[in-house]
>>> print(open('model.cif').read())   # mmCIF, C-alpha atoms; chains and numbers go by the auth columns
data_entry
#
loop_
_atom_site.group_PDB
_atom_site.id
_atom_site.type_symbol
_atom_site.label_atom_id
_atom_site.label_comp_id
_atom_site.label_asym_id
_atom_site.label_seq_id
_atom_site.Cartn_x
_atom_site.Cartn_y
_atom_site.Cartn_z
_atom_site.B_iso_or_equiv
_atom_site.auth_seq_id
_atom_site.auth_asym_id
ATOM 1 C CA MET A 1 12.006 19.886 211.424 0.00 1500 A
ATOM 2 C CA THR A 2 10.084 17.042 209.850 0.00 1501 A
ATOM 3 C CA VAL A 3 6.490 16.279 210.863 0.00 1502 A
ATOM 4 C CA GLU A 4 4.629 13.353 209.318 0.00 1503 A
ATOM 5 C CA GLY A 5 7.104 13.268 206.444 0.00 1504 A
ATOM 6 C CA GLU A 6 6.886 16.990 205.607 0.00 1505 A
ATOM 7 C CA GLN A 7 9.713 19.436 206.303 0.00 1506 A
ATOM 8 C CA TRP A 8 8.919 22.703 208.093 0.00 1507 A
ATOM 9 C CA LEU A 9 10.883 25.868 208.804 0.00 1508 A
ATOM 10 C CA ALA A 10 10.596 26.855 212.468 0.00 1509 A
ATOM 11 C CA ASP A 11 12.929 29.758 213.191 0.00 1510 A
ATOM 12 C CA VAL A 12 12.435 30.827 216.793 0.00 1511 A
ATOM 13 C CA GLY A 13 15.492 33.058 216.875 0.00 1512 A
ATOM 14 C CA PHE A 14 15.219 35.257 213.812 0.00 1513 A
ATOM 15 C CA GLY A 15 13.280 38.083 215.343 0.00 1514 A
ATOM 16 C CA TRP A 16 10.488 40.490 214.709 0.00 1515 A
ATOM 17 C CA GLN A 17 10.103 40.115 210.934 0.00 1516 A
ATOM 18 C CA GLY A 18 9.991 36.332 210.862 0.00 1517 A
ATOM 19 C CA PRO A 19 7.050 33.947 211.079 0.00 1518 A
ATOM 20 C CA LEU A 20 5.613 33.145 214.489 0.00 1519 A
ATOM 21 C CA GLU A 21 4.572 29.641 213.438 0.00 1520 A
ATOM 22 C CA PRO A 22 6.271 26.996 211.267 0.00 1521 A
ATOM 23 C CA VAL A 23 6.182 27.383 207.476 0.00 1522 A
ATOM 24 C CA PRO A 24 6.143 24.366 205.118 0.00 1523 A
ATOM 25 C CA LEU A 25 9.638 24.069 203.662 0.00 1524 A
ATOM 26 C CA ARG A 26 8.687 23.550 200.026 0.00 1525 A
ATOM 27 C CA ASP A 27 8.798 25.700 196.922 0.00 1526 A
ATOM 28 C CA GLY A 28 5.687 27.821 196.550 0.00 1527 A
ATOM 29 C CA ALA A 29 4.482 27.319 200.122 0.00 1528 A
ATOM 30 C CA ARG A 30 2.451 30.262 201.376 0.00 1529 A
ATOM 31 C CA VAL A 31 0.950 30.716 204.839 0.00 1530 A
ATOM 32 C CA ASP A 32 -1.086 33.435 206.497 0.00 1531 A
ATOM 33 C CA GLN A 33 -0.314 34.068 210.147 0.00 1532 A
ATOM 34 C CA ASP A 34 -2.657 36.629 211.703 0.00 1533 A
ATOM 35 C CA GLY A 35 -2.521 38.940 208.697 0.00 1534 A
ATOM 36 C CA TRP A 36 1.160 38.358 207.963 0.00 1535 A
ATOM 37 C CA THR A 37 1.879 36.245 204.868 0.00 1536 A
ATOM 38 C CA PHE A 38 5.065 34.224 204.486 0.00 1537 A
ATOM 39 C CA GLY A 39 6.255 32.018 201.679 0.00 1538 A
ATOM 40 C CA ILE A 40 9.124 29.819 200.579 0.00 1539 A
ATOM 41 C CA ALA A 41 10.844 29.988 197.209 0.00 1540 A
ATOM 42 C CA VAL A 42 13.536 27.550 196.122 0.00 1541 A
ATOM 43 C CA GLU A 43 16.070 28.948 193.679 0.00 1542 A
ATOM 44 C CA ASP A 44 17.708 26.944 190.889 0.00 1543 A
ATOM 45 C CA ASP A 45 20.834 26.272 192.970 0.00 1544 A
ATOM 46 C CA GLY A 46 18.754 24.825 195.850 0.00 1545 A
ATOM 47 C CA THR A 47 18.868 27.939 198.029 0.00 1546 A
ATOM 48 C CA HIS A 48 15.678 28.387 200.046 0.00 1547 A
ATOM 49 C CA VAL A 49 14.316 31.912 200.500 0.00 1548 A
ATOM 50 C CA LEU A 50 11.897 32.893 203.249 0.00 1549 A
ATOM 51 C CA ARG A 51 9.722 35.720 201.923 0.00 1550 A
ATOM 52 C CA SER A 52 7.179 38.068 203.441 0.00 1551 A
ATOM 53 C CA LEU A 53 4.313 39.593 201.486 0.00 1552 A
ATOM 54 C CA ARG A 54 4.135 43.347 201.999 0.00 1553 A
ATOM 55 C CA SER A 55 1.946 46.031 200.446 0.00 1554 A
ATOM 56 C CA THR A 56 4.685 46.540 197.819 0.00 1555 A
ATOM 57 C CA GLY A 57 4.988 42.819 196.999 0.00 1556 A
ATOM 58 C CA TRP A 58 7.187 39.951 198.159 0.00 1557 A
ATOM 59 C CA MET A 59 10.256 40.863 200.213 0.00 1558 A
ATOM 60 C CA ASP A 60 13.083 38.394 200.796 0.00 1559 A
ATOM 61 C CA VAL A 61 13.600 38.003 204.551 0.00 1560 A
ATOM 62 C CA TYR A 62 16.616 35.672 204.367 0.00 1561 A
ATOM 63 C CA ALA A 63 18.052 32.802 202.345 0.00 1562 A
ATOM 64 C CA PHE A 64 19.691 29.558 203.382 0.00 1563 A
ATOM 65 C CA SER A 65 20.970 26.311 201.925 0.00 1564 A
ATOM 66 C CA PRO A 66 19.746 23.126 203.569 0.00 1565 A
ATOM 67 C CA GLN A 67 22.731 21.414 205.116 0.00 1566 A
ATOM 68 C CA GLU A 68 23.602 19.385 208.162 0.00 1567 A
ATOM 69 C CA TYR A 69 25.142 21.253 211.079 0.00 1568 A
ATOM 70 C CA GLN A 70 27.441 19.858 213.738 0.00 1569 A
ATOM 71 C CA PRO A 71 27.499 21.070 217.386 0.00 1570 A
ATOM 72 C CA GLY A 72 30.669 23.099 216.714 0.00 1571 A
ATOM 73 C CA ASP A 73 28.873 25.015 213.964 0.00 1572 A
ATOM 74 C CA PHE A 74 26.377 26.342 216.525 0.00 1573 A
ATOM 75 C CA THR A 75 29.243 27.404 218.803 0.00 1574 A
ATOM 76 C CA VAL A 76 30.763 29.489 216.008 0.00 1575 A
ATOM 77 C CA LEU A 77 27.399 30.971 214.981 0.00 1576 A
ATOM 78 C CA ASN A 78 26.578 31.849 218.600 0.00 1577 A
ATOM 79 C CA HIS A 79 29.987 33.489 219.062 0.00 1578 A
ATOM 80 C CA TYR A 80 29.492 35.638 215.977 0.00 1579 A
ATOM 81 C CA SER A 81 26.100 36.967 217.088 0.00 1580 A
ATOM 82 C CA SER A 82 26.833 37.317 220.814 0.00 1581 A
ATOM 83 C CA SER A 83 30.494 38.230 221.255 0.00 1582 A
ATOM 84 C CA HIS A 84 32.317 38.890 217.960 0.00 1583 A
ATOM 85 C CA PRO A 85 33.492 42.529 217.664 0.00 1584 A
ATOM 86 C CA GLN A 86 31.574 42.942 214.379 0.00 1585 A
ATOM 87 C CA SER A 87 28.279 41.600 215.735 0.00 1586 A
ATOM 88 C CA ARG A 88 25.449 44.069 215.190 0.00 1587 A
ATOM 89 C CA PHE A 89 24.017 43.059 218.565 0.00 1588 A
ATOM 90 C CA LEU A 90 26.907 44.367 220.673 0.00 1589 A
ATOM 91 C CA GLY A 91 27.322 47.869 222.089 0.00 1590 A
ATOM 92 C CA GLN A 92 23.820 49.037 221.279 0.00 1591 A
ATOM 93 C CA VAL A 93 20.286 48.640 222.478 0.00 1592 A
ATOM 94 C CA VAL A 94 18.402 45.933 220.566 0.00 1593 A
ATOM 95 C CA ALA A 95 14.876 44.815 221.470 0.00 1594 A
ATOM 96 C CA GLN A 96 12.309 43.052 219.318 0.00 1595 A
ATOM 97 C CA ARG A 97 8.752 41.961 219.917 0.00 1596 A
ATOM 98 C CA PRO A 98 6.823 40.225 217.176 0.00 1597 A
ATOM 99 C CA GLY A 99 3.063 40.283 217.451 0.00 1598 A
ATOM 100 C CA ALA A 100 -0.071 39.554 215.476 0.00 1599 A
ATOM 101 C CA ASP A 101 -1.119 43.169 214.876 0.00 1600 A
ATOM 102 C CA VAL A 102 2.112 45.103 215.318 0.00 1601 A
ATOM 103 C CA ARG A 103 5.746 44.062 215.278 0.00 1602 A
ATOM 104 C CA ARG A 104 8.128 46.204 217.309 0.00 1603 A
ATOM 105 C CA SER A 105 11.854 46.783 217.024 0.00 1604 A
ATOM 106 C CA LEU A 106 14.204 49.089 218.878 0.00 1605 A
ATOM 107 C CA LEU A 107 17.636 49.323 217.283 0.00 1606 A
ATOM 108 C CA ARG A 108 19.874 51.918 218.872 0.00 1607 A
ATOM 109 C CA GLU A 109 17.574 54.900 219.223 0.00 1608 A
ATOM 110 C CA THR A 110 15.030 54.051 216.506 0.00 1609 A
ATOM 111 C CA LEU A 111 11.730 52.485 217.537 0.00 1610 A
ATOM 112 C CA SER A 112 9.929 50.898 214.567 0.00 1611 A
ATOM 113 C CA LEU A 113 6.331 49.687 214.638 0.00 1612 A
ATOM 114 C CA VAL A 114 5.264 47.707 211.564 0.00 1613 A
ATOM 115 C CA SER A 115 1.616 46.727 211.088 0.00 1614 A
ATOM 116 C CA ALA A 116 0.287 43.783 209.111 0.00 1615 A
ATOM 117 C CA ASP A 117 -1.255 46.259 206.633 0.00 1616 A
ATOM 118 C CA GLY A 118 2.265 47.483 205.785 0.00 1617 A
ATOM 119 C CA SER A 119 2.146 50.790 207.610 0.00 1618 A
ATOM 120 C CA VAL A 120 5.288 51.768 209.476 0.00 1619 A
ATOM 121 C CA GLU A 121 5.760 54.182 212.364 0.00 1620 A
ATOM 122 C CA GLU A 122 9.208 55.221 213.481 0.00 1621 A
ATOM 123 C CA ARG A 123 10.409 57.551 216.194 0.00 1622 A
ATOM 124 C CA ILE A 124 13.599 58.367 218.031 0.00 1623 A
ATOM 125 C CA VAL A 125 13.841 57.222 221.656 0.00 1624 A
ATOM 126 C CA THR A 126 15.989 59.415 223.868 0.00 1625 A
ATOM 127 C CA ALA A 127 18.021 58.082 226.779 0.00 1626 A
ATOM 128 C CA GLU A 128 15.444 59.572 229.142 0.00 1627 A
ATOM 129 C CA GLU A 129 12.610 57.691 227.384 0.00 1628 A
ATOM 130 C CA LEU A 130 14.441 54.377 227.066 0.00 1629 A
ATOM 131 C CA ALA A 131 13.303 52.602 230.264 0.00 1630 A
ATOM 132 C CA ALA A 132 9.650 53.584 229.773 0.00 1631 A
ATOM 133 C CA THR A 133 9.765 52.552 226.095 0.00 1632 A
ATOM 134 C CA LEU A 134 11.251 49.146 226.925 0.00 1633 A
ATOM 135 C CA GLU A 135 8.542 48.579 229.518 0.00 1634 A
ATOM 136 C CA ASP A 136 5.585 49.949 227.519 0.00 1635 A
ATOM 137 C CA GLU A 137 6.440 48.561 224.081 0.00 1636 A
ATOM 138 C CA PHE A 138 8.358 45.375 224.961 0.00 1637 A
ATOM 139 C CA GLY A 139 7.252 44.415 228.470 0.00 1638 A
ATOM 140 C CA ILE A 140 10.847 44.655 229.744 0.00 1639 A
ATOM 141 C CA GLU A 141 11.245 45.899 233.290 0.00 1640 A
ATOM 142 C CA LEU A 142 14.698 47.127 234.284 0.00 1641 A
ATOM 143 C CA ASP A 143 16.243 47.457 237.708 0.00 1642 A
ATOM 144 C CA THR A 144 18.130 50.652 238.589 0.00 1643 A
ATOM 145 C CA GLY A 145 21.548 49.354 237.508 0.00 1644 A
ATOM 146 C CA GLU A 146 20.258 48.043 234.177 0.00 1645 A
ATOM 147 C CA ARG A 147 18.397 51.284 233.509 0.00 1646 A
ATOM 148 C CA GLU A 148 21.436 53.438 234.241 0.00 1647 A
ATOM 149 C CA GLY A 149 23.721 51.287 232.093 0.00 1648 A
ATOM 150 C CA LEU A 150 21.375 51.332 229.104 0.00 1649 A
ATOM 151 C CA GLU A 151 20.739 55.059 229.448 0.00 1650 A
ATOM 152 C CA ARG A 152 24.528 55.672 229.359 0.00 1651 A
ATOM 153 C CA LEU A 153 24.822 53.452 226.287 0.00 1652 A
ATOM 154 C CA GLN A 154 21.904 55.220 224.594 0.00 1653 A
ATOM 155 C CA ALA A 155 23.227 58.695 225.457 0.00 1654 A
ATOM 156 C CA ALA A 156 26.648 57.786 224.045 0.00 1655 A
ATOM 157 C CA GLY A 157 25.005 56.972 220.712 0.00 1656 A
ATOM 158 C CA ALA A 158 26.746 53.609 220.445 0.00 1657 A
#
>>> encode(input="model.cif", output="structure tokens")
Amino acid sequence: MTVEGEQWLADVGFGWQGPLEPVPLRDGARVDQDGWTFGIAVEDDGTHVLRSLRSTGWMDVYAFSPQEYQPGDFTVLNHYSSSHPQSRFLGQVVAQRPGADVRRSLLRETLSLVSADGSVEERIVTAEELAATLEDEFGIELDTGEREGLERLQAAGA
């Protein structure tokens, strides 16, 4: 997006490791967001890299080339993430909750809690713990049918 002549990266769909607020889309930009630091690097070929500063140094989050997209491009991208057989979001439990102090992710049976100071906690969530974990850690309340379906999926180890 462009605001008052300056381009900004605002990625509302990336997930738990991305910035929660827009980042200036220029080489060398660096922003602090509640203890999380993000930056932009532009490589020689024009590729933009969103980076996150961790206790071990800068980590590349993702890279992209600025280009114009058409409506059909979004249809294809949506299909790949939501219904393509190779999508990493199908057939498994995926929940993410970014936050100022702690960022949470549940991928399959692994719950990850990452703090702004770089510390990481991980634990395995059993099928029996799944509904309570989704409610306590992510604020997701499930009805009986949803709970049973996810518990079957979790127990199957998909």
>>> resolve_selection(input="model.cif", expression="the PyMOL selection byres ((chain A and resi 1598) around 10)", output="NGL selection string")
:A and (1515-1516 or 1518-1519 or 1533 or 1535 or 1595-1597 or 1599-1603 or 1613-1615)
>>> atom_distance(input="model.cif", atom1="CA of Arg1525 in chain A", atom2="CA of Tyr1568 in chain A")
20.0 Å
>>> resolve_selection(input="model.cif", expression="the PyMOL selection byres ((chain A and resi 1610) around 9)", output="list in words")
Arg1603, Ser1604, Leu1605, Leu1606, Arg1607, Glu1608, Thr1609, Ser1611, Leu1612, Glu1620, Glu1621, Arg1622, Ile1623, Val1624 and Thr1632 of chain A
>>> resolve_selection(input="model.cif", expression="the PyMOL selection byres ((chain A and resi 1652) around 12)", output="list of chain:residue names")
A:Leu1589, A:Gly1590, A:Gln1591, A:Val1592, A:Val1593, A:Arg1607, A:Glu1608, A:Thr1625, A:Ala1626, A:Glu1627, A:Leu1629, A:Glu1645, A:Arg1646, A:Glu1647, A:Gly1648, A:Leu1649, A:Glu1650, A:Arg1651, A:Gln1653, A:Ala1654, A:Ala1655, A:Gly1656, A:Ala1657
>>> residues_around(input="model.cif", residues="Thr1501 in chain A", least_positions_apart="2", cutoff="12 Å", atoms="only C-alpha atoms", output="PDB file with C-alpha atoms, keeping the file's coordinate frame")
ATOM      1  CA  GLU A1503       4.629  13.353 209.318  1.00  0.00           C
ATOM      2  CA  GLY A1504       7.104  13.268 206.444  1.00  0.00           C
ATOM      3  CA  GLU A1505       6.886  16.990 205.607  1.00  0.00           C
ATOM      4  CA  GLN A1506       9.713  19.436 206.303  1.00  0.00           C
ATOM      5  CA  TRP A1507       8.919  22.703 208.093  1.00  0.00           C
ATOM      6  CA  LEU A1508      10.883  25.868 208.804  1.00  0.00           C
ATOM      7  CA  ALA A1509      10.596  26.855 212.468  1.00  0.00           C
ATOM      8  CA  PRO A1521       6.271  26.996 211.267  1.00  0.00           C
ATOM      9  CA  VAL A1522       6.182  27.383 207.476  1.00  0.00           C
ATOM     10  CA  PRO A1523       6.143  24.366 205.118  1.00  0.00           C
ATOM     11  CA  LEU A1524       9.638  24.069 203.662  1.00  0.00           C
ATOM     12  CA  ARG A1525       8.687  23.550 200.026  1.00  0.00           C
TER      13      ARG A1525
END
>>> atom_distance(input="model.cif", atom1="CA of Ser1551 in chain A", atom2="CA of Phe1537 in chain A")
4.5 Å
>>> decode(input="model.cif", residues="range 1500-1543 of chain A", atoms="N, CA and C atoms", output="compact mmCIF listing (two decimals), in the first residue's frame")
# COMPACT_ATOMS: atom_id res chain seq x y z
N MET A 1500 0.84 -1.17 0.00
CA MET A 1500 0.00 0.00 0.00
C MET A 1500 0.89 1.24 0.00
N THR A 1501 0.35 2.33 -0.50
CA THR A 1501 1.09 3.58 -0.54
C THR A 1501 0.34 4.61 0.30
N VAL A 1502 1.06 5.22 1.25
CA VAL A 1502 0.48 6.25 2.11
C VAL A 1502 1.38 7.47 2.02
N GLU A 1503 0.79 8.59 1.63
CA GLU A 1503 1.51 9.85 1.49
C GLU A 1503 2.81 9.67 0.71
N GLY A 1504 2.73 8.91 -0.38
CA GLY A 1504 3.86 8.72 -1.27
C GLY A 1504 4.86 7.66 -0.85
N GLU A 1505 4.69 7.05 0.31
CA GLU A 1505 5.62 6.02 0.77
C GLU A 1505 4.94 4.66 0.71
N GLN A 1506 5.68 3.65 0.21
CA GLN A 1506 5.14 2.30 0.14
C GLN A 1506 5.35 1.58 1.47
N TRP A 1507 4.33 0.77 1.84
CA TRP A 1507 4.36 0.02 3.09
C TRP A 1507 3.98 -1.42 2.81
N LEU A 1508 4.56 -2.34 3.57
CA LEU A 1508 4.17 -3.74 3.54
C LEU A 1508 3.18 -3.96 4.67
N ALA A 1509 1.98 -4.40 4.33
CA ALA A 1509 0.96 -4.74 5.32
C ALA A 1509 0.46 -6.13 4.96
N ASP A 1510 0.96 -7.13 5.65
CA ASP A 1510 0.63 -8.52 5.34
C ASP A 1510 -0.23 -9.09 6.45
N VAL A 1511 -1.54 -9.01 6.26
CA VAL A 1511 -2.47 -9.45 7.31
C VAL A 1511 -2.69 -10.95 7.29
N GLY A 1512 -2.19 -11.64 6.29
CA GLY A 1512 -2.46 -13.07 6.21
C GLY A 1512 -1.29 -13.97 6.44
N PHE A 1513 -0.12 -13.44 6.73
CA PHE A 1513 1.06 -14.30 6.83
C PHE A 1513 1.04 -15.19 8.06
N GLY A 1514 0.65 -14.66 9.17
CA GLY A 1514 0.60 -15.51 10.35
C GLY A 1514 1.43 -15.03 11.51
N TRP A 1515 1.70 -15.93 12.38
CA TRP A 1515 2.23 -15.64 13.71
C TRP A 1515 3.63 -15.05 13.74
N GLN A 1516 4.45 -15.24 12.73
CA GLN A 1516 5.81 -14.70 12.77
C GLN A 1516 5.96 -13.39 12.02
N GLY A 1517 4.88 -12.89 11.47
CA GLY A 1517 4.95 -11.65 10.70
C GLY A 1517 4.65 -10.44 11.55
N PRO A 1518 4.87 -9.25 10.99
CA PRO A 1518 4.60 -8.01 11.71
C PRO A 1518 3.10 -7.80 11.91
N LEU A 1519 2.76 -7.16 13.01
CA LEU A 1519 1.36 -6.87 13.30
C LEU A 1519 0.93 -5.50 12.78
N GLU A 1520 1.90 -4.71 12.39
CA GLU A 1520 1.65 -3.37 11.85
C GLU A 1520 2.43 -3.23 10.55
N PRO A 1521 2.07 -2.28 9.69
CA PRO A 1521 2.80 -2.09 8.44
C PRO A 1521 4.28 -1.77 8.67
N VAL A 1522 5.09 -2.17 7.68
CA VAL A 1522 6.54 -1.93 7.70
C VAL A 1522 6.87 -1.12 6.45
N PRO A 1523 7.67 -0.04 6.58
CA PRO A 1523 8.05 0.72 5.38
C PRO A 1523 8.74 -0.19 4.37
N LEU A 1524 8.31 -0.13 3.14
CA LEU A 1524 8.83 -1.01 2.09
C LEU A 1524 10.00 -0.33 1.39
N ARG A 1525 11.10 -0.22 2.12
CA ARG A 1525 12.32 0.36 1.55
C ARG A 1525 13.54 -0.32 2.17
N ASP A 1526 14.59 -0.39 1.40
CA ASP A 1526 15.81 -1.06 1.84
C ASP A 1526 16.33 -0.43 3.12
N GLY A 1527 16.63 -1.27 4.09
CA GLY A 1527 17.17 -0.80 5.36
C GLY A 1527 16.14 -0.39 6.38
N ALA A 1528 14.86 -0.42 6.01
CA ALA A 1528 13.81 -0.05 6.98
C ALA A 1528 13.88 -1.02 8.16
N ARG A 1529 13.63 -0.47 9.34
CA ARG A 1529 13.66 -1.27 10.57
C ARG A 1529 12.62 -0.69 11.51
N VAL A 1530 11.73 -1.54 12.02
CA VAL A 1530 10.69 -1.09 12.94
C VAL A 1530 10.62 -2.01 14.15
N ASP A 1531 10.32 -1.41 15.29
CA ASP A 1531 10.10 -2.17 16.51
C ASP A 1531 8.60 -2.18 16.77
N GLN A 1532 8.07 -3.37 16.99
CA GLN A 1532 6.65 -3.53 17.26
C GLN A 1532 6.49 -4.34 18.54
N ASP A 1533 6.36 -3.64 19.66
CA ASP A 1533 6.16 -4.29 20.96
C ASP A 1533 7.23 -5.32 21.27
N GLY A 1534 8.48 -4.97 21.03
CA GLY A 1534 9.59 -5.86 21.34
C GLY A 1534 10.00 -6.77 20.20
N TRP A 1535 9.24 -6.79 19.13
CA TRP A 1535 9.58 -7.57 17.94
C TRP A 1535 10.13 -6.60 16.90
N THR A 1536 11.28 -6.90 16.32
CA THR A 1536 11.90 -6.01 15.34
C THR A 1536 11.85 -6.64 13.97
N PHE A 1537 11.38 -5.86 13.00
CA PHE A 1537 11.28 -6.31 11.62
C PHE A 1537 12.02 -5.34 10.73
N GLY A 1538 12.51 -5.85 9.61
CA GLY A 1538 13.23 -5.00 8.68
C GLY A 1538 13.01 -5.46 7.25
N ILE A 1539 13.37 -4.60 6.33
CA ILE A 1539 13.29 -4.89 4.90
C ILE A 1539 14.69 -4.77 4.31
N ALA A 1540 15.06 -5.77 3.52
CA ALA A 1540 16.29 -5.71 2.74
C ALA A 1540 15.90 -5.89 1.29
N VAL A 1541 16.54 -5.15 0.40
CA VAL A 1541 16.31 -5.31 -1.03
C VAL A 1541 17.58 -5.86 -1.65
N GLU A 1542 17.45 -7.03 -2.27
CA GLU A 1542 18.61 -7.68 -2.88
C GLU A 1542 18.90 -7.07 -4.24
N ASP A 1543 20.07 -7.39 -4.79
CA ASP A 1543 20.52 -6.80 -6.05
C ASP A 1543 19.54 -7.01 -7.20
